[in-house]
>>> print(open('input-v1.txt').read())   # compact mmCIF, C-alpha atoms
# COMPACT_ATOMS: atom_id res chain seq x y z
CA MET A 1 -156.77 183.42 42.24
CA ALA A 2 -159.38 182.60 44.80
CA ALA A 3 -157.67 180.81 47.63
CA SER A 4 -160.75 180.37 49.72
CA GLY A 5 -159.43 179.36 53.09
CA GLY A 6 -162.62 180.30 54.83
CA ASP A 7 -162.63 182.02 58.18
CA GLY A 8 -159.00 182.79 58.86
CA GLY A 9 -157.93 179.16 58.58
CA LEU A 10 -155.00 177.97 56.53
CA PRO A 11 -155.92 178.46 52.89
CA VAL A 12 -156.10 175.11 51.13
CA PRO A 13 -156.59 175.18 47.35
CA SER A 14 -159.02 172.64 45.99
CA LEU A 15 -160.08 171.30 42.64
CA SER A 16 -163.09 173.61 42.61
CA GLU A 17 -160.58 176.20 41.35
CA PHE A 18 -160.86 174.56 37.97
CA PHE A 19 -164.65 174.49 37.87
CA PRO A 20 -165.70 178.10 38.43
CA PRO A 21 -169.37 179.06 38.29
CA ALA A 22 -170.80 179.72 34.85
CA ILE A 23 -171.04 183.26 33.52
CA ALA A 24 -173.51 182.57 30.70
CA PHE A 25 -175.39 179.74 29.00
CA GLU A 26 -175.43 177.68 32.17
CA GLY A 27 -176.36 174.03 31.75
CA THR A 28 -175.97 174.03 27.99
CA LEU A 29 -173.15 172.64 25.90
CA PHE A 30 -171.84 176.17 25.40
CA GLU A 31 -171.48 176.96 29.10
CA PHE A 32 -169.23 179.98 29.46
CA ASN A 33 -167.14 180.37 32.61
CA ARG A 34 -164.00 182.15 33.73
CA ILE A 35 -161.64 179.63 32.16
CA THR A 36 -163.46 179.79 28.83
CA LEU A 37 -163.15 183.56 29.00
CA VAL A 38 -159.41 183.28 29.63
CA ARG A 39 -159.14 180.97 26.62
CA TRP A 40 -160.88 183.51 24.42
CA VAL A 41 -158.64 186.28 25.71
CA SER A 42 -155.48 184.30 24.94
CA VAL A 43 -156.73 183.33 21.48
CA ILE A 44 -157.68 186.92 20.64
CA VAL A 45 -154.35 188.28 21.89
CA LEU A 46 -152.43 185.65 19.92
CA CYS A 47 -154.38 186.25 16.69
CA THR A 48 -154.16 190.03 17.02
CA PHE A 49 -150.42 189.90 17.62
CA PHE A 50 -149.73 187.81 14.53
CA TRP A 51 -152.25 189.76 12.45
CA LEU A 52 -150.62 193.07 13.33
CA VAL A 53 -147.17 191.68 12.65
CA ALA A 54 -148.13 190.05 9.36
CA ARG A 55 -149.99 193.12 8.13
CA ARG A 56 -146.95 195.34 8.27
CA ALA A 57 -144.27 192.78 7.58
CA THR A 58 -141.18 194.52 6.26
CA LEU A 59 -137.95 193.20 4.88
CA VAL A 60 -136.02 194.64 7.79
CA PRO A 61 -138.05 193.44 10.78
CA GLY A 62 -139.05 195.80 13.56
CA ARG A 63 -139.16 194.80 17.22
CA ALA A 64 -142.47 192.93 17.24
CA GLN A 65 -141.77 191.30 13.92
CA SER A 66 -138.40 190.06 15.18
CA ILE A 67 -140.06 188.36 18.14
CA ALA A 68 -142.62 186.69 15.87
CA GLU A 69 -139.94 185.62 13.43
CA ILE A 70 -137.74 184.16 16.15
CA GLY A 71 -140.71 182.11 17.38
CA LEU A 72 -141.72 180.90 13.94
CA ASP A 73 -138.15 180.09 13.06
CA PHE A 74 -137.69 178.18 16.30
CA VAL A 75 -140.64 175.89 15.58
CA ARG A 76 -139.64 175.34 11.96
CA VAL A 77 -135.92 174.74 12.46
CA ASN A 78 -135.55 173.44 16.01
CA ILE A 79 -138.66 171.28 16.14
CA ALA A 80 -139.97 170.32 12.70
CA GLU A 81 -136.76 170.14 10.68
CA GLU A 82 -134.68 168.77 13.53
CA VAL A 83 -137.00 165.79 13.95
CA LEU A 84 -138.52 165.26 10.52
CA GLY A 85 -135.73 166.42 8.23
CA LYS A 86 -135.85 169.37 5.88
CA HIS A 87 -138.07 167.96 3.12
CA ARG A 88 -140.49 165.81 5.08
CA ALA A 89 -141.12 168.64 7.56
CA ARG A 90 -142.69 171.02 5.06
CA PRO A 91 -146.34 169.87 5.12
CA TYR A 92 -146.37 169.67 8.95
CA VAL A 93 -144.80 173.02 9.79
CA PRO A 94 -148.14 174.91 9.81
CA LEU A 95 -149.76 172.37 12.15
CA LEU A 96 -146.79 172.30 14.52
CA THR A 97 -146.54 176.09 14.53
CA VAL A 98 -150.21 176.58 15.39
CA MET A 99 -149.91 173.91 18.07
CA PHE A 100 -146.84 175.50 19.66
CA PHE A 101 -148.20 179.03 19.79
CA ALA A 102 -151.68 177.99 20.90
CA ILE A 103 -150.29 175.96 23.79
CA LEU A 104 -147.81 178.67 24.73
CA ALA A 105 -150.49 181.37 24.74
CA MET A 106 -152.90 179.26 26.77
CA ASN A 107 -150.22 178.14 29.24
CA ILE A 108 -148.81 181.58 29.87
CA THR A 109 -152.19 182.87 31.09
CA GLY A 110 -151.43 180.96 34.29
CA VAL A 111 -148.99 183.68 35.39
CA VAL A 112 -150.64 186.74 33.83
CA PRO A 113 -152.03 188.89 36.67
CA GLY A 114 -155.80 189.12 36.44
CA LEU A 115 -156.20 185.98 34.39
CA ASN A 116 -154.25 183.71 36.73
CA ILE A 117 -155.31 180.37 35.36
CA ALA A 118 -153.77 178.37 32.55
CA SER A 119 -156.58 177.63 30.12
CA THR A 120 -154.93 174.28 29.43
CA SER A 121 -155.38 173.19 33.04
CA VAL A 122 -158.85 171.82 32.32
CA VAL A 123 -158.90 168.60 30.35
CA THR A 124 -160.79 169.75 27.24
CA VAL A 125 -158.11 171.85 25.52
CA PRO A 126 -155.25 169.34 25.99
CA LEU A 127 -157.62 166.57 24.86
CA LEU A 128 -158.52 168.46 21.70
CA LEU A 129 -154.86 169.13 20.94
CA ALA A 130 -153.95 165.49 21.60
CA ILE A 131 -156.71 164.33 19.23
CA THR A 132 -155.31 166.70 16.60
CA ALA A 133 -151.86 165.18 17.08
CA PHE A 134 -153.39 161.69 16.95
CA VAL A 135 -155.15 162.39 13.64
CA ALA A 136 -151.97 164.01 12.27
CA PHE A 137 -149.66 161.08 12.92
CA ILE A 138 -152.15 158.46 11.70
CA TRP A 139 -152.73 160.56 8.55
CA ALA A 140 -148.96 160.83 8.04
CA GLY A 141 -148.61 157.05 8.29
CA ILE A 142 -151.52 156.33 5.93
CA LYS A 143 -150.21 158.85 3.42
CA ASN A 144 -146.79 157.23 3.36
CA HIS A 145 -147.69 153.54 3.51
CA GLY A 146 -151.40 153.26 2.66
CA VAL A 147 -153.97 151.99 5.17
CA VAL A 148 -152.90 148.34 5.04
CA GLY A 149 -149.23 149.24 4.89
CA TYR A 150 -149.50 151.53 7.91
CA VAL A 151 -151.35 148.97 10.00
CA ARG A 152 -148.84 146.31 9.01
CA THR A 153 -145.74 148.38 9.69
CA THR A 154 -147.08 149.67 12.99
CA LEU A 155 -148.62 146.55 14.45
CA PHE A 156 -146.45 143.87 12.83
CA PRO A 157 -142.88 145.19 12.80
CA SER A 158 -140.71 143.10 10.50
CA GLY A 159 -137.67 141.15 11.62
CA VAL A 160 -139.50 139.47 14.49
CA PRO A 161 -140.26 135.72 14.61
CA TRP A 162 -144.01 135.44 14.01
CA PRO A 163 -145.08 133.80 17.35
CA LEU A 164 -143.96 136.98 19.08
CA TYR A 165 -146.75 138.93 17.36
CA VAL A 166 -149.15 137.43 19.93
CA ILE A 167 -147.47 139.62 22.57
CA LEU A 168 -146.11 142.41 20.40
CA THR A 169 -149.27 143.41 18.53
CA PRO A 170 -151.45 144.12 21.61
CA ILE A 171 -148.59 146.10 23.16
CA GLU A 172 -148.20 148.13 19.98
CA ILE A 173 -151.97 148.77 19.79
CA ILE A 174 -152.04 150.03 23.37
CA SER A 175 -148.90 152.11 23.17
CA THR A 176 -149.58 153.70 19.78
CA PHE A 177 -153.30 154.27 19.74
CA ILE A 178 -154.16 154.67 23.42
CA LEU A 179 -151.11 155.67 25.46
CA ARG A 180 -149.78 158.28 23.02
CA PRO A 181 -152.82 160.59 23.01
CA ALA A 182 -153.54 159.82 26.67
CA THR A 183 -150.07 160.79 27.86
CA LEU A 184 -150.06 163.92 25.67
CA THR A 185 -153.30 165.02 27.33
CA ILE A 186 -152.32 164.14 30.88
CA ARG A 187 -148.82 165.62 30.62
CA LEU A 188 -150.05 169.03 29.55
CA MET A 189 -153.08 169.15 31.83
CA ALA A 190 -151.36 167.85 34.97
CA ASN A 191 -148.37 170.16 34.56
CA MET A 192 -150.58 173.22 34.36
CA LEU A 193 -152.86 172.01 37.14
CA ALA A 194 -149.94 171.29 39.47
CA GLY A 195 -148.38 174.66 38.67
CA HIS A 196 -151.58 176.52 39.43
CA LEU A 197 -152.10 174.66 42.72
CA LEU A 198 -148.49 175.42 43.73
CA LEU A 199 -148.92 179.13 43.04
CA VAL A 200 -152.27 179.24 44.87
CA THR A 201 -150.73 177.48 47.85
CA PHE A 202 -147.77 179.82 48.13
CA PHE A 203 -149.63 183.08 47.52
CA GLY A 204 -152.49 182.00 49.78
CA LEU A 205 -150.02 181.03 52.49
CA THR A 206 -148.21 184.36 52.15
CA ASN A 207 -151.47 186.22 52.48
CA TYR A 208 -152.42 184.16 55.52
CA LEU A 209 -149.06 184.62 57.22
CA PHE A 210 -148.96 188.38 56.66
CA VAL A 211 -152.55 189.07 57.65
CA GLU A 212 -153.52 186.45 60.20
CA ALA A 213 -150.32 185.15 61.80
CA SER A 214 -148.79 186.80 64.82
CA GLY A 215 -145.30 188.10 65.57
CA ALA A 216 -142.37 186.02 64.39
CA LEU A 217 -144.54 183.96 62.07
CA LYS A 218 -144.94 186.99 59.84
CA VAL A 219 -141.25 186.64 58.94
CA VAL A 220 -141.98 183.21 57.49
CA GLY A 221 -144.34 184.99 55.13
CA VAL A 222 -141.35 186.67 53.49
CA LEU A 223 -139.96 183.22 52.76
CA THR A 224 -143.20 181.94 51.25
CA PHE A 225 -143.48 185.12 49.19
CA GLY A 226 -139.98 184.50 47.87
CA ALA A 227 -140.97 180.93 47.04
CA ALA A 228 -144.14 182.16 45.33
CA PHE A 229 -142.10 184.55 43.20
CA ALA A 230 -139.58 181.83 42.31
CA PHE A 231 -142.37 179.46 41.31
CA THR A 232 -143.98 182.15 39.15
CA VAL A 233 -140.72 182.41 37.20
CA PHE A 234 -140.54 178.62 37.12
CA GLU A 235 -144.09 178.49 35.75
CA ILE A 236 -143.13 180.74 32.84
CA PHE A 237 -140.35 178.29 32.05
CA ILE A 238 -142.73 175.32 32.38
CA ALA A 239 -145.29 176.99 30.10
CA ALA A 240 -142.71 177.31 27.33
CA LEU A 241 -141.26 173.86 28.01
CA GLN A 242 -144.65 172.14 27.82
CA ALA A 243 -145.46 173.86 24.53
CA TYR A 244 -142.07 172.71 23.24
CA ILE A 245 -142.47 169.12 24.47
CA PHE A 246 -146.02 168.75 23.13
CA THR A 247 -145.00 169.99 19.68
CA LEU A 248 -141.78 167.97 19.72
CA LEU A 249 -143.58 164.75 20.63
CA THR A 250 -146.16 165.33 17.90
CA ALA A 251 -143.31 165.73 15.42
CA VAL A 252 -141.65 162.57 16.76
CA TYR A 253 -144.87 160.57 16.44
CA ILE A 254 -145.36 161.83 12.87
CA SER A 255 -141.77 160.87 12.10
CA LEU A 256 -142.22 157.41 13.65
CA SER A 257 -145.34 156.62 11.65
CA GLN A 258 -143.70 157.88 8.45
CA GLU A 259 -140.69 155.66 8.74
CA ALA A 260 -142.38 152.71 10.42
CA HIS A 261 -140.29 149.76 9.31
CA MET B 1 -159.91 157.61 70.37
CA ASP B 2 -161.25 154.55 72.16
CA ASN B 3 -159.35 152.13 74.39
CA THR B 4 -158.27 149.65 71.74
CA THR B 5 -156.76 152.23 69.40
CA LEU B 6 -153.21 153.13 70.30
CA ALA B 7 -152.43 155.63 67.60
CA GLU B 8 -154.51 157.41 65.04
CA LEU B 9 -153.65 158.99 61.74
CA THR B 10 -156.01 161.08 59.72
CA GLY B 11 -155.64 162.31 56.18
CA ASN B 12 -155.74 161.01 52.69
CA ILE B 13 -153.78 157.90 51.74
CA ALA B 14 -153.51 159.36 48.23
CA THR B 15 -150.83 161.71 49.53
CA ILE B 16 -148.57 158.76 50.30
CA GLY B 17 -149.47 157.29 46.92
CA TYR B 18 -148.27 160.40 45.16
CA GLY B 19 -145.07 160.34 47.18
CA LEU B 20 -144.46 156.80 45.97
CA ALA B 21 -145.36 157.74 42.40
CA THR B 22 -142.62 160.37 42.28
CA LEU B 23 -139.84 157.97 43.33
CA GLY B 24 -139.45 156.14 40.03
CA PRO B 25 -139.68 159.17 37.72
CA GLY B 26 -137.35 161.06 40.08
CA ILE B 27 -134.64 158.44 39.64
CA GLY B 28 -135.42 158.29 35.93
CA ILE B 29 -135.07 162.00 35.30
CA GLY B 30 -131.90 162.06 37.38
CA LEU B 31 -130.32 159.34 35.26
CA LEU B 32 -131.51 160.95 32.03
CA VAL B 33 -130.08 164.36 32.75
CA ALA B 34 -126.86 162.98 34.23
CA LYS B 35 -126.18 160.78 31.21
CA THR B 36 -127.01 163.59 28.78
CA GLN B 37 -124.64 165.94 30.59
CA GLU B 38 -121.95 163.29 30.49
CA SER B 39 -122.43 162.79 26.77
CA VAL B 40 -122.40 166.52 26.07
CA ALA B 41 -119.16 166.82 28.02
CA ARG B 42 -117.64 164.05 25.91
CA GLN B 43 -119.00 165.24 22.57
CA PRO B 44 -120.14 168.88 22.65
CA GLU B 45 -120.82 168.91 18.88
CA VAL B 46 -123.91 166.69 19.16
CA ALA B 47 -125.37 168.68 22.07
CA GLY B 48 -128.43 169.78 20.06
CA GLN B 49 -129.48 166.27 19.09
CA LEU B 50 -128.85 165.00 22.61
CA ARG B 51 -130.97 167.75 24.11
CA VAL B 52 -133.91 166.88 21.87
CA ASN B 53 -133.61 163.23 22.81
CA MET B 54 -133.35 164.15 26.48
CA PHE B 55 -136.59 166.13 26.31
CA ILE B 56 -138.39 163.27 24.57
CA GLY B 57 -137.22 160.82 27.21
CA MET B 58 -137.99 163.29 29.98
CA ALA B 59 -141.53 163.73 28.68
CA LEU B 60 -142.10 159.98 28.78
CA VAL B 61 -140.66 159.57 32.28
CA GLU B 62 -142.45 162.62 33.62
CA ALA B 63 -145.79 161.26 32.39
CA LEU B 64 -145.61 158.54 35.06
CA GLY B 65 -145.27 161.04 37.90
CA LEU B 66 -148.09 163.13 36.50
CA ILE B 67 -150.37 160.11 36.16
CA GLY B 68 -149.67 159.57 39.86
CA LEU B 69 -150.76 163.15 40.59
CA VAL B 70 -153.95 162.86 38.55
CA ALA B 71 -154.81 159.46 39.98
CA GLY B 72 -154.51 160.95 43.48
CA LEU B 73 -157.01 163.66 42.56
CA ILE B 74 -159.50 161.35 40.86
CA PHE B 75 -159.66 158.34 43.22
>>> encode(input="input-v1.txt", output="structure tokens")
Amino acid sequence: MAASGGDGGLPVPSLSEFFPPAIAFEGTLFEFNRITLVRWVSVIVLCTFFWLVARRATLVPGRAQSIAEIGLDFVRVNIAEEVLGKHRARPYVPLLTVMFFAILAMNITGVVPGLNIASTSVVTVPLLLAITAFVAFIWAGIKNHGVVGYVRTTLFPSGVPWPLYVILTPIEIISTFILRPATLTIRLMANMLAGHLLLVTFFGLTNYLFVEASGALKVVGVLTFGAAFAFTVFEIFIAALQAYIFTLLTAVYISLSQEAH
Amino acid sequence: MDNTTLAELTGNIATIGYGLATLGPGIGIGLLVAKTQESVARQPEVAGQLRVNMFIGMALVEALGLIGLVAGLIF
């Protein structure tokens, strides 16, 4: 966490935090920087964890297997089946599960010492996930109603006097096909970005107050350190909550386009 | 400061903009959580369903505040 305050001034975090210098392949499409590295680390850790658990899966689960099973069960029962219903949820459980664990793993890197940045705090990963959700709920609608049927049920809801379609249809187009993926992206990205900036501010301030400030001001540093600690715990909660909300909303959108009336 | 200027403020107007952007979602989330709590107190057996709905609503309300944050950083 590079809170670069400069020469003893108050450390002010800036957006350059999220655009670190490239490590390799600079200037190409495959530019590799610190955040990309963190992404790879989280993906490798996630895959290794599930691979190890799945390789030695036993009927009576051990400690690691229990954790994995609680997580998998949570996504299947509390997200997919709660929103979509037991039968309709089946084909979407794999997608929702991957989504949940990928987001959780990439969010949690924001509080892991040494990594210290959520890999979802740069727009590309949330955008990719939102496009996946977008494709999933359109596919669900087309599968259930056919292309024409889906467009009709989404854009021309029945039970409305026809002149109202002049207003209703543009609103539906904007809210379904533009605002849904846009808000999914922005919600995840901005939450992680704001969390990182908060942590940088508090830890940077603590460092400044302990090292640079004189006398009584040092005591204030204890307060800011307490706040920094509290916000770290809060960030862990937010990381899980955002993974939950993203997956839940994807399930809700799939459900809405399935039962579009 | 020259003679005609009486007071001077420096800083970014976007800060005030973000302050304004949090007002609406703040009230919204307050209402959401309060009403959900009320409903859970009345009917504890549907708490699970209510919690899911609360999170969906919260996600939609929260998006407004976050758009305010992002807009402040971009413009």
>>> residues_around(input="input-v1.txt", residues="region 134-141 of chain A", least_positions_apart="5", cutoff="7 Å", atoms="only C-alpha atoms", output="list in words")
Tyr150, Pro181, Tyr253, Ile254, Ser257 and Gln258 of chain A
>>> atom_distance(input="input-v1.txt", atom1="CA of Pro161 (chain A)", atom2="CA of Thr176 (chain A)")
20.9 Å
>>> interface_residues(input="input-v1.txt", of="chain B", to="chain A", cutoff="12 Å", atoms="all atoms listed in the file", output="list in words")
Gly48, Gln49, Leu50, Arg51, Val52, Asn53, Met54, Phe55, Ile56, Gly57, Met58, Ala59, Leu60, Val61, Glu62, Ala63, Leu64, Gly65, Leu66, Ile67, Gly68, Leu69, Val70, Ala71, Gly72, Leu73 and Ile74 of chain B
>>> closest_residue(input="input-v1.txt", among="A:Leu199, A:Glu17, A:Thr154, A:Val125", to="Ile174 (chain A)", atoms="only C-alpha atoms")
A:Thr154
>>> closest_residue(input="input-v1.txt", among="A:Gly71, A:Thr232, A:Pro91, A:Pro61", to="Pro113 (chain A)", atoms="all atoms listed in the file")
A:Thr232
>>> atom_distance(input="input-v1.txt", atom1="CA of Val220 (chain A)", atom2="CA of Phe203 (chain A)")
12.6 Å
>>> residues_around(input="input-v1.txt", residues="Arg39 (chain A)", least_positions_apart="6", cutoff="9 Å", atoms="only C-alpha atoms", output="compact mmCIF listing (two decimals) with C-alpha atoms, in the coordinates of the input")
# COMPACT_ATOMS: atom_id res chain seq x y z
CA ALA A 105 -150.49 181.37 24.74
CA MET A 106 -152.90 179.26 26.77
CA THR A 109 -152.19 182.87 31.09
CA ALA A 118 -153.77 178.37 32.55
CA SER A 119 -156.58 177.63 30.12
CA THR A 120 -154.93 174.28 29.43
>>> atom_distance(input="input-v1.txt", atom1="CA of Ala68 (chain A)", atom2="CA of Leu46 (chain A)")
10.7 Å
>>> residues_around(input="input-v1.txt", residues="Leu72 (chain A)", least_positions_apart="4", cutoff="9 Å", atoms="only C-alpha atoms", output="number ranges by chain")
A: 67-68, 76-77, 97, 101
>>> closest_residue(input="input-v1.txt", among="A:Thr48, A:Ser255, A:Ser121, A:Thr250", to="Leu197 (chain A)", atoms="all atoms listed in the file")
A:Ser121
